[in-house]
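What follows is the content of work36.json, which has JSON, C-alpha atoms and all ligand atoms:
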[["chain", "number", "residue", "atom", "x", "y", "z"],
["A", 1, "MET", "CA", 18.60, -42.92, -2.68],
["A", 2, "ASN", "CA", 19.34, -39.43, -1.33],
["A", 3, "MET", "CA", 16.62, -37.39, 0.33],
["A", 4, "LEU", "CA", 16.12, -35.04, -2.61],
["A", 5, "ALA", "CA", 15.68, -37.93, -5.04],
["A", 6, "GLN", "CA", 13.29, -39.67, -2.62],
["A", 7, "ALA", "CA", 11.16, -36.53, -2.21],
["A", 8, "CYS", "CA", 11.12, -36.26, -6.02],
["A", 9, "GLU", "CA", 9.13, -39.50, -6.24],
["A", 10, "THR", "CA", 6.30, -38.24, -4.04],
["A", 11, "ALA", "CA", 6.29, -34.62, -5.29],
["A", 12, "PRO", "CA", 3.65, -33.47, -7.81],
["A", 13, "PHE", "CA", 4.70, -34.68, -11.27],
["A", 14, "TYR", "CA", 6.94, -32.24, -13.11],
["A", 15, "ALA", "CA", 8.72, -33.05, -16.39],
["A", 16, "ALA", "CA", 11.80, -30.83, -16.54],
["A", 17, "GLN", "CA", 12.61, -28.86, -19.71],
["A", 18, "GLY", "CA", 16.26, -28.52, -18.77],
["A", 19, "ARG", "CA", 18.14, -27.91, -15.54],
["A", 20, "GLU", "CA", 15.47, -25.72, -13.91],
["A", 21, "CYS", "CA", 15.01, -28.02, -10.88],
["A", 22, "GLU", "CA", 18.72, -27.79, -10.11],
["A", 23, "LEU", "CA", 18.67, -24.00, -10.53],
["A", 24, "PHE", "CA", 15.67, -23.77, -8.22],
["A", 25, "ALA", "CA", 17.36, -25.91, -5.54],
["A", 26, "GLN", "CA", 20.59, -23.93, -5.83],
["A", 27, "ALA", "CA", 18.78, -20.59, -5.56],
["A", 28, "HIS", "CA", 17.02, -21.91, -2.45],
["A", 29, "ALA", "CA", 20.31, -23.06, -0.92],
["A", 30, "ALA", "CA", 21.92, -19.71, -1.74],
["A", 31, "ARG", "CA", 18.94, -17.85, -0.21],
["A", 32, "LEU", "CA", 18.24, -16.07, -3.48],
["A", 33, "PRO", "CA", 14.79, -15.16, -4.80],
["A", 34, "LEU", "CA", 13.69, -16.52, -8.17],
["A", 35, "LEU", "CA", 11.77, -15.00, -11.07],
["A", 36, "ILE", "CA", 10.20, -17.53, -13.44],
["A", 37, "LYS", "CA", 9.02, -16.15, -16.75],
["A", 38, "GLY", "CA", 7.18, -17.90, -19.52],
["A", 39, "PRO", "CA", 3.86, -18.10, -21.36],
["A", 40, "THR", "CA", 0.72, -19.08, -19.50],
["A", 41, "GLY", "CA", 0.21, -22.81, -18.97],
["A", 42, "CYS", "CA", 3.84, -23.81, -19.60],
["A", 43, "GLY", "CA", 4.47, -25.32, -16.15],
["A", 44, "LYS", "CA", 5.65, -22.44, -13.92],
["A", 45, "THR", "CA", 3.24, -23.18, -11.08],
["A", 46, "ARG", "CA", 3.79, -26.92, -11.32],
["A", 47, "LEU", "CA", 7.56, -26.42, -11.09],
["A", 48, "VAL", "CA", 7.12, -24.43, -7.88],
["A", 49, "GLU", "CA", 4.76, -27.07, -6.40],
["A", 50, "HIS", "CA", 7.20, -29.82, -7.34],
["A", 51, "MET", "CA", 10.22, -28.06, -5.88],
["A", 52, "ALA", "CA", 8.44, -27.05, -2.67],
["A", 53, "ALA", "CA", 7.70, -30.73, -2.07],
["A", 54, "ARG", "CA", 11.25, -31.79, -2.94],
["A", 55, "LEU", "CA", 12.76, -29.16, -0.66],
["A", 56, "ASN", "CA", 10.24, -30.08, 2.03],
["A", 57, "ARG", "CA", 9.01, -26.49, 2.45],
["A", 58, "PRO", "CA", 5.39, -25.37, 2.87],
["A", 59, "LEU", "CA", 4.13, -23.47, -0.17],
["A", 60, "ILE", "CA", 2.04, -20.31, 0.05],
["A", 61, "THR", "CA", 0.70, -19.15, -3.31],
["A", 62, "VAL", "CA", -0.81, -15.76, -4.08],
["A", 63, "SER", "CA", -2.46, -15.11, -7.46],
["A", 64, "CYS", "CA", -1.76, -11.44, -8.10],
["A", 65, "HIS", "CA", -4.36, -9.10, -9.60],
["A", 66, "ASP", "CA", -4.49, -5.39, -10.34],
["A", 67, "ASP", "CA", -6.17, -4.58, -7.04],
["A", 68, "LEU", "CA", -3.66, -6.47, -4.88],
["A", 69, "SER", "CA", -2.34, -4.10, -2.25],
["A", 70, "ALA", "CA", 0.67, -4.33, 0.02],
["A", 71, "ALA", "CA", -1.72, -4.95, 2.94],
["A", 72, "ASP", "CA", -3.16, -7.99, 1.12],
["A", 73, "LEU", "CA", 0.33, -9.48, 1.17],
["A", 74, "VAL", "CA", 1.63, -8.25, 4.50],
["A", 75, "GLY", "CA", -1.49, -8.20, 6.68],
["A", 76, "ARG", "CA", -3.86, -5.78, 8.35],
["A", 77, "HIS", "CA", -5.60, -4.94, 11.58],
["A", 78, "LEU", "CA", -9.00, -6.60, 11.84],
["A", 79, "ILE", "CA", -11.77, -5.55, 14.16],
["A", 80, "ALA", "CA", -13.52, -8.51, 15.78],
["A", 81, "GLY", "CA", -15.95, -8.18, 18.66],
["A", 82, "GLY", "CA", -14.77, -4.66, 19.49],
["A", 83, "ASP", "CA", -11.11, -5.78, 19.59],
["A", 84, "THR", "CA", -8.52, -4.85, 17.05],
["A", 85, "ARG", "CA", -6.02, -7.54, 16.28],
["A", 86, "TRP", "CA", -3.30, -7.91, 13.72],
["A", 87, "CYS", "CA", -3.76, -10.59, 11.07],
["A", 88, "ASP", "CA", -0.73, -11.74, 9.05],
["A", 89, "GLY", "CA", -1.06, -11.75, 5.27],
["A", 90, "PRO", "CA", 0.28, -14.65, 3.19],
["A", 91, "LEU", "CA", 3.72, -13.11, 2.66],
["A", 92, "THR", "CA", 4.19, -12.49, 6.39],
["A", 93, "ARG", "CA", 3.12, -16.06, 7.19],
["A", 94, "ALA", "CA", 5.63, -17.40, 4.69],
["A", 95, "VAL", "CA", 8.41, -15.23, 6.15],
["A", 96, "ARG", "CA", 7.66, -16.43, 9.70],
["A", 97, "GLU", "CA", 7.28, -20.11, 8.73],
["A", 98, "GLY", "CA", 10.23, -20.35, 6.37],
["A", 99, "ALA", "CA", 7.86, -21.29, 3.55],
["A", 100, "ILE", "CA", 8.20, -20.77, -0.18],
["A", 101, "CYS", "CA", 6.03, -17.78, -1.12],
["A", 102, "TYR", "CA", 4.94, -17.90, -4.76],
["A", 103, "LEU", "CA", 3.49, -14.72, -6.26],
["A", 104, "ASP", "CA", 1.87, -15.83, -9.49],
["A", 105, "GLU", "CA", 1.59, -13.21, -12.29],
["A", 106, "VAL", "CA", 3.31, -10.58, -10.20],
["A", 107, "VAL", "CA", 3.15, -7.85, -12.88],
["A", 108, "GLU", "CA", -0.59, -7.75, -12.36],
["A", 109, "ALA", "CA", -0.09, -6.35, -8.85],
["A", 110, "ARG", "CA", 0.10, -2.62, -8.24],
["A", 111, "LYS", "CA", 3.59, -1.14, -8.47],
["A", 112, "ASP", "CA", 3.65, -0.09, -4.80],
["A", 113, "THR", "CA", 2.91, -3.69, -3.88],
["A", 114, "THR", "CA", 6.09, -5.02, -5.40],
["A", 115, "VAL", "CA", 8.13, -2.52, -3.41],
["A", 116, "VAL", "CA", 7.37, -4.42, -0.17],
["A", 117, "LEU", "CA", 9.31, -7.29, -1.68],
["A", 118, "HIS", "CA", 12.57, -5.38, -1.98],
["A", 119, "PRO", "CA", 14.02, -5.78, 1.53],
["A", 120, "LEU", "CA", 13.04, -9.45, 1.42],
["A", 121, "ALA", "CA", 14.59, -10.04, -1.95],
["A", 122, "ASP", "CA", 18.06, -8.79, -1.18],
["A", 123, "ASP", "CA", 20.68, -9.57, 1.46],
["A", 124, "ARG", "CA", 18.57, -8.10, 4.24],
["A", 125, "ARG", "CA", 15.88, -10.81, 4.02],
["A", 126, "VAL", "CA", 13.60, -8.84, 6.29],
["A", 127, "LEU", "CA", 9.99, -7.81, 6.02],
["A", 128, "PRO", "CA", 9.29, -4.43, 7.60],
["A", 129, "ILE", "CA", 5.66, -4.12, 8.71],
["A", 130, "GLU", "CA", 4.90, -0.45, 8.74],
["A", 131, "ARG", "CA", 1.59, -0.72, 10.58],
["A", 132, "THR", "CA", 3.04, -2.56, 13.59],
["A", 133, "GLY", "CA", 6.59, -1.24, 13.42],
["A", 134, "GLU", "CA", 7.92, -4.83, 13.33],
["A", 135, "GLN", "CA", 10.87, -6.00, 11.25],
["A", 136, "ILE", "CA", 10.58, -9.73, 10.67],
["A", 137, "ALA", "CA", 13.70, -11.61, 9.66],
["A", 138, "ALA", "CA", 12.92, -14.40, 7.20],
["A", 139, "ALA", "CA", 13.07, -17.84, 8.85],
["A", 140, "PRO", "CA", 15.56, -20.30, 7.34],
["A", 141, "GLY", "CA", 14.09, -22.00, 4.30],
["A", 142, "PHE", "CA", 12.05, -18.95, 3.25],
["A", 143, "MET", "CA", 12.18, -18.30, -0.48],
["A", 144, "LEU", "CA", 10.44, -15.73, -2.61],
["A", 145, "VAL", "CA", 9.41, -16.91, -6.07],
["A", 146, "ILE", "CA", 7.59, -14.70, -8.55],
["A", 147, "SER", "CA", 6.35, -15.50, -12.02],
["A", 148, "TYR", "CA", 5.30, -13.46, -14.96],
["A", 149, "ASN", "CA", 4.27, -13.92, -18.51],
["A", 150, "PRO", "CA", 6.21, -11.64, -20.85],
["A", 151, "GLY", "CA", 3.39, -11.81, -23.46],
["A", 152, "TYR", "CA", 2.73, -8.62, -25.33],
["A", 153, "GLN", "CA", 0.00, -7.35, -23.04],
["A", 154, "ASN", "CA", 2.56, -7.18, -20.27],
["A", 155, "LEU", "CA", 5.24, -5.32, -22.21],
["A", 156, "LEU", "CA", 4.11, -1.97, -20.97],
["A", 157, "LYS", "CA", 3.50, -3.02, -17.42],
["A", 158, "GLY", "CA", 6.78, -4.91, -17.08],
["A", 159, "LEU", "CA", 8.59, -5.13, -13.80],
["A", 160, "LYS", "CA", 10.60, -2.26, -12.43],
["A", 161, "PRO", "CA", 14.33, -2.84, -13.01],
["A", 162, "SER", "CA", 14.88, -2.26, -9.29],
["A", 163, "THR", "CA", 12.59, -5.22, -8.62],
["A", 164, "ARG", "CA", 13.73, -7.62, -11.31],
["A", 165, "GLN", "CA", 17.43, -7.09, -10.64],
["A", 166, "ARG", "CA", 16.97, -8.59, -7.19],
["A", 167, "PHE", "CA", 15.89, -11.96, -8.64],
["A", 168, "VAL", "CA", 17.66, -14.86, -10.30],
["A", 169, "ALA", "CA", 15.76, -15.31, -13.57],
["A", 170, "LEU", "CA", 14.63, -18.57, -15.11],
["A", 171, "ALA", "CA", 12.97, -18.58, -18.54],
["A", 172, "LEU", "CA", 10.58, -21.43, -19.37],
["A", 173, "ASP", "CA", 8.84, -22.00, -22.67],
["A", 174, "TYR", "CA", 6.54, -24.69, -24.02],
["A", 175, "PRO", "CA", 8.39, -28.01, -23.65],
["A", 176, "THR", "CA", 9.83, -29.94, -26.59],
["A", 177, "PRO", "CA", 7.31, -32.22, -28.36],
["A", 178, "GLU", "CA", 8.65, -35.38, -26.67],
["A", 179, "ILE", "CA", 8.43, -33.89, -23.19],
["A", 180, "GLU", "CA", 5.07, -32.26, -23.86],
["A", 181, "ALA", "CA", 3.59, -35.57, -25.06],
["A", 182, "ARG", "CA", 4.85, -37.24, -21.87],
["A", 183, "ILE", "CA", 3.17, -34.50, -19.80],
["A", 184, "VAL", "CA", -0.15, -34.73, -21.66],
["A", 185, "GLN", "CA", -0.17, -38.51, -21.26],
["A", 186, "ALA", "CA", 0.79, -38.46, -17.58],
["A", 187, "GLU", "CA", -1.66, -35.68, -16.66],
["A", 188, "SER", "CA", -4.67, -37.12, -18.50],
["A", 189, "GLY", "CA", -4.14, -40.86, -18.73],
["A", 190, "CYS", "CA", -4.62, -40.72, -22.52],
["A", 191, "THR", "CA", -2.80, -43.00, -24.96],
["A", 192, "ALA", "CA", 0.63, -42.13, -26.33],
["A", 193, "ASP", "CA", -0.96, -41.77, -29.78],
["A", 194, "MET", "CA", -3.51, -39.23, -28.60],
["A", 195, "ALA", "CA", -0.85, -37.26, -26.71],
["A", 196, "ALA", "CA", 1.32, -37.18, -29.85],
["A", 197, "GLN", "CA", -1.64, -35.97, -31.94],
["A", 198, "LEU", "CA", -2.44, -33.16, -29.52],
["A", 199, "VAL", "CA", 1.18, -32.05, -29.38],
["A", 200, "TRP", "CA", 1.35, -32.11, -33.16],
["A", 201, "LEU", "CA", -1.74, -29.89, -33.22],
["A", 202, "ALA", "CA", -0.18, -27.50, -30.70],
["A", 203, "GLN", "CA", 2.92, -27.23, -32.87],
["A", 204, "ALA", "CA", 0.76, -26.29, -35.86],
["A", 205, "LEU", "CA", -1.28, -23.75, -33.86],
["A", 206, "ARG", "CA", 1.87, -22.17, -32.42],
["A", 207, "ARG", "CA", 3.14, -21.58, -35.95],
["A", 208, "LEU", "CA", 0.10, -19.41, -36.72],
["A", 209, "THR", "CA", 1.43, -15.94, -36.22],
["A", 210, "ASP", "CA", -0.77, -13.89, -38.52],
["A", 211, "HIS", "CA", -3.78, -14.02, -36.22],
["A", 212, "ASP", "CA", -4.49, -11.68, -33.42],
["A", 213, "LEU", "CA", -3.92, -14.24, -30.66],
["A", 214, "GLU", "CA", -2.71, -13.03, -27.29],
["A", 215, "GLU", "CA", -1.40, -16.46, -26.41],
["A", 216, "SER", "CA", -0.95, -19.71, -28.23],
["A", 217, "ALA", "CA", -2.08, -23.24, -27.33],
["A", 218, "SER", "CA", -0.47, -24.07, -23.99],
["A", 219, "THR", "CA", 0.37, -27.41, -22.43],
["A", 220, "ARG", "CA", -2.49, -26.75, -19.99],
["A", 221, "LEU", "CA", -5.02, -26.61, -22.85],
["A", 222, "LEU", "CA", -3.70, -29.85, -24.32],
["A", 223, "VAL", "CA", -4.05, -31.57, -20.96],
["A", 224, "MET", "CA", -7.65, -30.33, -20.67],
["A", 225, "ALA", "CA", -8.51, -31.55, -24.18],
["A", 226, "ALA", "CA", -6.97, -34.95, -23.42],
["A", 227, "ARG", "CA", -8.95, -35.22, -20.17],
["A", 228, "LEU", "CA", -12.21, -34.48, -21.99],
["A", 229, "ALA", "CA", -11.35, -37.11, -24.58],
["A", 230, "VAL", "CA", -10.49, -39.66, -21.87],
["A", 231, "ALA", "CA", -13.87, -38.86, -20.29],
["A", 232, "GLY", "CA", -15.51, -39.91, -23.55],
["A", 233, "LEU", "CA", -15.81, -36.83, -25.79],
["A", 234, "PRO", "CA", -14.66, -37.34, -29.39],
["A", 235, "LEU", "CA", -11.18, -35.81, -29.74],
["A", 236, "ALA", "CA", -12.23, -33.15, -32.30],
["A", 237, "ASP", "CA", -14.98, -31.90, -29.95],
["A", 238, "ALA", "CA", -12.60, -31.94, -27.00],
["A", 239, "VAL", "CA", -10.12, -29.82, -28.96],
["A", 240, "GLN", "CA", -12.85, -27.41, -30.01],
["A", 241, "ALA", "CA", -14.00, -26.90, -26.42],
["A", 242, "ALA", "CA", -10.69, -26.96, -24.56],
["A", 243, "VAL", "CA", -8.30, -25.43, -27.09],
["A", 244, "ILE", "CA", -9.94, -23.49, -29.90],
["A", 245, "ALA", "CA", -12.77, -21.81, -27.99],
["A", 246, "ALA", "CA", -10.30, -21.00, -25.21],
["A", 247, "LEU", "CA", -7.89, -19.20, -27.53],
["A", 248, "SER", "CA", -10.16, -16.68, -29.22],
["A", 249, "ASP", "CA", -13.61, -15.11, -29.33],
["A", 250, "ASP", "CA", -13.12, -13.74, -32.82],
["A", 251, "GLY", "CA", -15.16, -15.68, -35.40],
["A", 252, "GLU", "CA", -12.55, -15.53, -38.16],
["A", 253, "THR", "CA", -9.73, -16.56, -35.88],
["A", 254, "VAL", "CA", -11.75, -19.44, -34.44],
["A", 255, "ALA", "CA", -12.52, -20.64, -37.99],
["A", 256, "ALA", "CA", -8.80, -20.48, -38.92],
["A", 257, "LEU", "CA", -7.83, -22.44, -35.79],
["A", 258, "ALA", "CA", -10.55, -25.02, -36.46],
["A", 259, "GLU", "CA", -9.23, -25.45, -39.99],
["A", 260, "VAL", "CA", -5.76, -26.21, -38.68],
["A", 261, "ALA", "CA", -7.22, -28.68, -36.18],
["A", 262, "ALA", "CA", -9.26, -30.43, -38.86],
["A", 263, "ALA", "CA", -6.15, -30.79, -41.01],
["A", 264, "VAL", "CA", -4.04, -32.22, -38.18],
["A", 265, "LEU", "CA", -6.43, -34.53, -36.29],
["B", 1, "LIG", "P1", 1.65, -21.82, -15.54],
["B", 1, "LIG", "O1", 1.82, -21.67, -14.07],
["B", 1, "LIG", "O2", 2.90, -21.66, -16.33],
["B", 1, "LIG", "O3", 0.52, -21.01, -16.11],
["B", 1, "LIG", "P2", 0.96, -24.55, -14.81],
["B", 1, "LIG", "O4", 2.19, -24.92, -14.06],
["B", 1, "LIG", "O5", -0.27, -24.27, -14.00],
["B", 1, "LIG", "O6", 1.23, -23.34, -15.81],
["B", 1, "LIG", "O7", 0.69, -25.73, -15.85],
["B", 1, "LIG", "C1", -0.60, -25.98, -16.37],
["B", 1, "LIG", "C2", -0.85, -27.47, -16.41],
["B", 1, "LIG", "O8", -0.06, -28.03, -17.46],
["B", 1, "LIG", "C3", -0.45, -28.19, -15.14],
["B", 1, "LIG", "O9", -1.52, -28.30, -14.24],
["B", 1, "LIG", "C4", -0.01, -29.54, -15.65],
["B", 1, "LIG", "O10", -1.13, -30.38, -15.86],
["B", 1, "LIG", "C5", 0.55, -29.25, -17.03],
["B", 1, "LIG", "N1", 2.00, -29.03, -17.11],
["B", 1, "LIG", "C6", 2.60, -28.03, -17.81],
["B", 1, "LIG", "N2", 3.94, -28.19, -17.79],
["B", 1, "LIG", "C7", 4.20, -29.29, -17.05],
["B", 1, "LIG", "C8", 5.41, -29.99, -16.70],
["B", 1, "LIG", "N3", 6.62, -29.54, -17.10],
["B", 1, "LIG", "N4", 5.30, -31.11, -15.96],
["B", 1, "LIG", "C9", 4.08, -31.55, -15.56],
["B", 1, "LIG", "N5", 2.91, -30.95, -15.88],
["B", 1, "LIG", "C10", 2.95, -29.84, -16.62]]

Have the structure of the file written as structure tokens, please.
Amino acid sequence: MNMLAQACETAPFYAAQGRECELFAQAHAARLPLLIKGPTGCGKTRLVEHMAARLNRPLITVSCHDDLSAADLVGRHLIAGGDTRWCDGPLTRAVREGAICYLDEVVEARKDTTVVLHPLADDRRVLPIERTGEQIAAAPGFMLVISYNPGYQNLLKGLKPSTRQRFVALALDYPTPEIEARIVQAESGCTADMAAQLVWLAQALRRLTDHDLEESASTRLLVMAARLAVAGLPLADAVQAAVIAALSDDGETVAALAEVAAAVL
């Protein structure tokens, strides 16, 4: 067994939708940054965790939010006991260690934040630290991975073309029913029958387009429902708590979703 296949056995479980693991490994070998797009809960983070283990690289994950500044990524001077010392941020640590740096939901971050990624994401592979005047060359093995969810609330925010054109793009979606059932079963320990039922329900919910849902039922929600059911909750209650209540706060929409669930389960 080659080393990559061996590492695959001990890596966090990831059921591939297509050839995304190969693309990830090739982008890493070619020292190219990767942009993973897809709806929430479809497996983006798990793919990164799986591939970091397979490629034997440390993984540093940052969940981006609208207040995330460049200093949060790069680092800042801290005052401790009257002394000022520099403290690396997560991106700088990843660059020094040759880790995989995963910026989850990168469109949430402020626009000026993404600009610090530019010199790292092209041929230069350097991180200039303005505050200290340092230019850090990325250690071998370093890889920048960003993800975003092109759902409608992000359409306006988007990513600047100058940022996105630096990345190899990989589009993920919800997996096919067979693969999704395998994931739900493996992640929850439920029976094949229950996994199939939950996936069937997800298919029906995803077909509902006339409701004001920001997102549809994700694989993550199915896994949570299955775990509640394995813990002893009746399946219908588990679906209500983990799927339906999670998707909407609007009374009418919740009632419509519950009707679909009652018809399917
Ligand atoms: P995202 O980062 O796209 O929001 P995650 O990677 O966190 O989603 O996936 C949410 C959960 O769904 C995971 O913790 C895992 O249980 C399950 N999951 C989704 N897709 C997969 C997959 N392809 N292989 C294994 N587990 C998956």

Please return as a VMD selection string the residues found within 9 Å of ligand LIG 1 (chain B), counting all atoms listed in the file. chain A and resid 12 to 17 36 to 50 104 to 105 147 to 149 172 to 175 179 to 180 182 to 184 186 to 188 218 to 224

Rank nothing, just name the residue among A:Cys8, A:Leu78, A:Val264, A:Leu170 nearest to Ala196 (chain A), using all atoms listed in the file.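 Nearest to Ala196 (chain A): A:Val264.
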
Residues near Ala238 (chain A), anyone? I mean within 9 Å using only C-alpha atoms, not counting same-chain ones fewer than 4 positions away, as an MDAnalysis selection string. chainID A and resid 224:229 233:234 242:243

So that I can check the surroundings of Ala94 (chain A), please list as a VMD selection string every protein, DNA and RNA residue that reaches within 12 Å of it, counting only C-alpha atoms and ignoring chain neighbours fewer than 2 positions away. chain A and resid 57 to 62 73 to 75 88 to 92 96 to 103 120 126 to 127 136 to 145

With all atoms listed in the file as the atoms that count, which of A:Gln165, A:Thr253, A:Ser69, A:Thr191 lies nearest to Leu213 (chain A)?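 For Leu213 (chain A), the nearest of the candidates is A:Thr253.
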
Record the distance separating CA of Ser63 (chain A) and CA of Ile146 (chain A), expressed in Å with one decimal. 10.1 Å

May I ask for the distance between CA of Pro150 (chain A) and CA of Ala171 (chain A), given in Å to one decimal place?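 The value is 10.0 Å.
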
Grab the CA of Asp83 (chain A) to CA of Asp112 (chain A) distance for me, in Å with one decimal place. 29.1 Å

Which is closest to Gln203 (chain A) among A:Glu178, A:Glu9, A:Asp72, A:Asp237, if we use only C-alpha atoms? A:Glu178

Starting from the structure just given, write a file holding region 13-75 of chain A with C-alpha atoms, as a compact mmCIF listing (two decimals), in the first residue's frame.
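As written to disk, selection35.txt reads:
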# COMPACT_ATOMS: atom_id res chain seq x y z
CA PHE A 13 -13.75 9.71 7.18
CA TYR A 14 -14.56 11.47 3.92
CA ALA A 15 -16.79 9.98 1.20
CA ALA A 16 -15.71 11.56 -2.09
CA GLN A 17 -18.30 12.97 -4.50
CA GLY A 18 -15.94 12.73 -7.45
CA ARG A 19 -12.24 13.32 -7.96
CA GLU A 20 -11.91 16.14 -5.42
CA CYS A 21 -9.29 14.31 -3.30
CA GLU A 22 -7.06 13.93 -6.35
CA LEU A 23 -7.55 17.59 -7.29
CA PHE A 24 -6.69 18.64 -3.75
CA ALA A 25 -3.51 16.52 -3.72
CA GLN A 26 -2.48 17.82 -7.14
CA ALA A 27 -3.06 21.45 -6.14
CA HIS A 28 -0.92 20.83 -3.05
CA ALA A 29 1.86 19.25 -5.12
CA ALA A 30 1.69 22.13 -7.61
CA ARG A 31 1.82 24.67 -4.74
CA LEU A 32 -1.50 26.18 -5.81
CA PRO A 33 -4.14 27.58 -3.47
CA LEU A 34 -7.63 26.08 -3.53
CA LEU A 35 -11.10 27.61 -3.31
CA ILE A 36 -13.85 25.17 -2.30
CA LYS A 37 -17.38 26.38 -2.88
CA GLY A 38 -20.63 24.71 -1.96
CA PRO A 39 -23.67 24.94 0.30
CA THR A 40 -23.25 24.78 4.05
CA GLY A 41 -22.89 21.29 5.53
CA CYS A 42 -21.94 19.57 2.26
CA GLY A 43 -18.51 18.35 3.40
CA LYS A 44 -16.06 21.19 2.62
CA THR A 45 -14.45 21.23 6.06
CA ARG A 46 -14.36 17.45 6.29
CA LEU A 47 -12.60 17.26 2.91
CA VAL A 48 -9.91 19.63 4.15
CA GLU A 49 -9.47 17.67 7.41
CA HIS A 50 -9.25 14.42 5.46
CA MET A 51 -6.71 15.72 2.98
CA ALA A 52 -4.56 17.40 5.62
CA ALA A 53 -4.23 14.02 7.32
CA ARG A 54 -3.53 12.22 4.03
CA LEU A 55 -0.89 14.75 3.03
CA ASN A 56 0.54 14.63 6.55
CA ARG A 57 0.33 18.40 7.04
CA PRO A 58 -0.81 20.22 10.18
CA LEU A 59 -4.14 21.99 9.68
CA ILE A 60 -4.87 25.48 10.95
CA THR A 61 -8.52 26.50 10.55
CA VAL A 62 -9.92 30.01 10.85
CA SER A 63 -13.69 30.58 10.83
CA CYS A 64 -14.08 33.96 9.16
CA HIS A 65 -16.57 36.57 10.37
CA ASP A 66 -17.38 40.14 9.39
CA ASP A 67 -15.09 41.59 12.02
CA LEU A 68 -12.04 39.52 11.06
CA SER A 69 -9.15 41.88 10.42
CA ALA A 70 -5.85 41.34 8.69
CA ALA A 71 -4.15 41.50 12.13
CA ASP A 72 -6.34 38.60 13.34
CA LEU A 73 -4.82 36.50 10.57
CA VAL A 74 -1.28 37.82 10.48
CA GLY A 75 -0.58 38.70 14.12
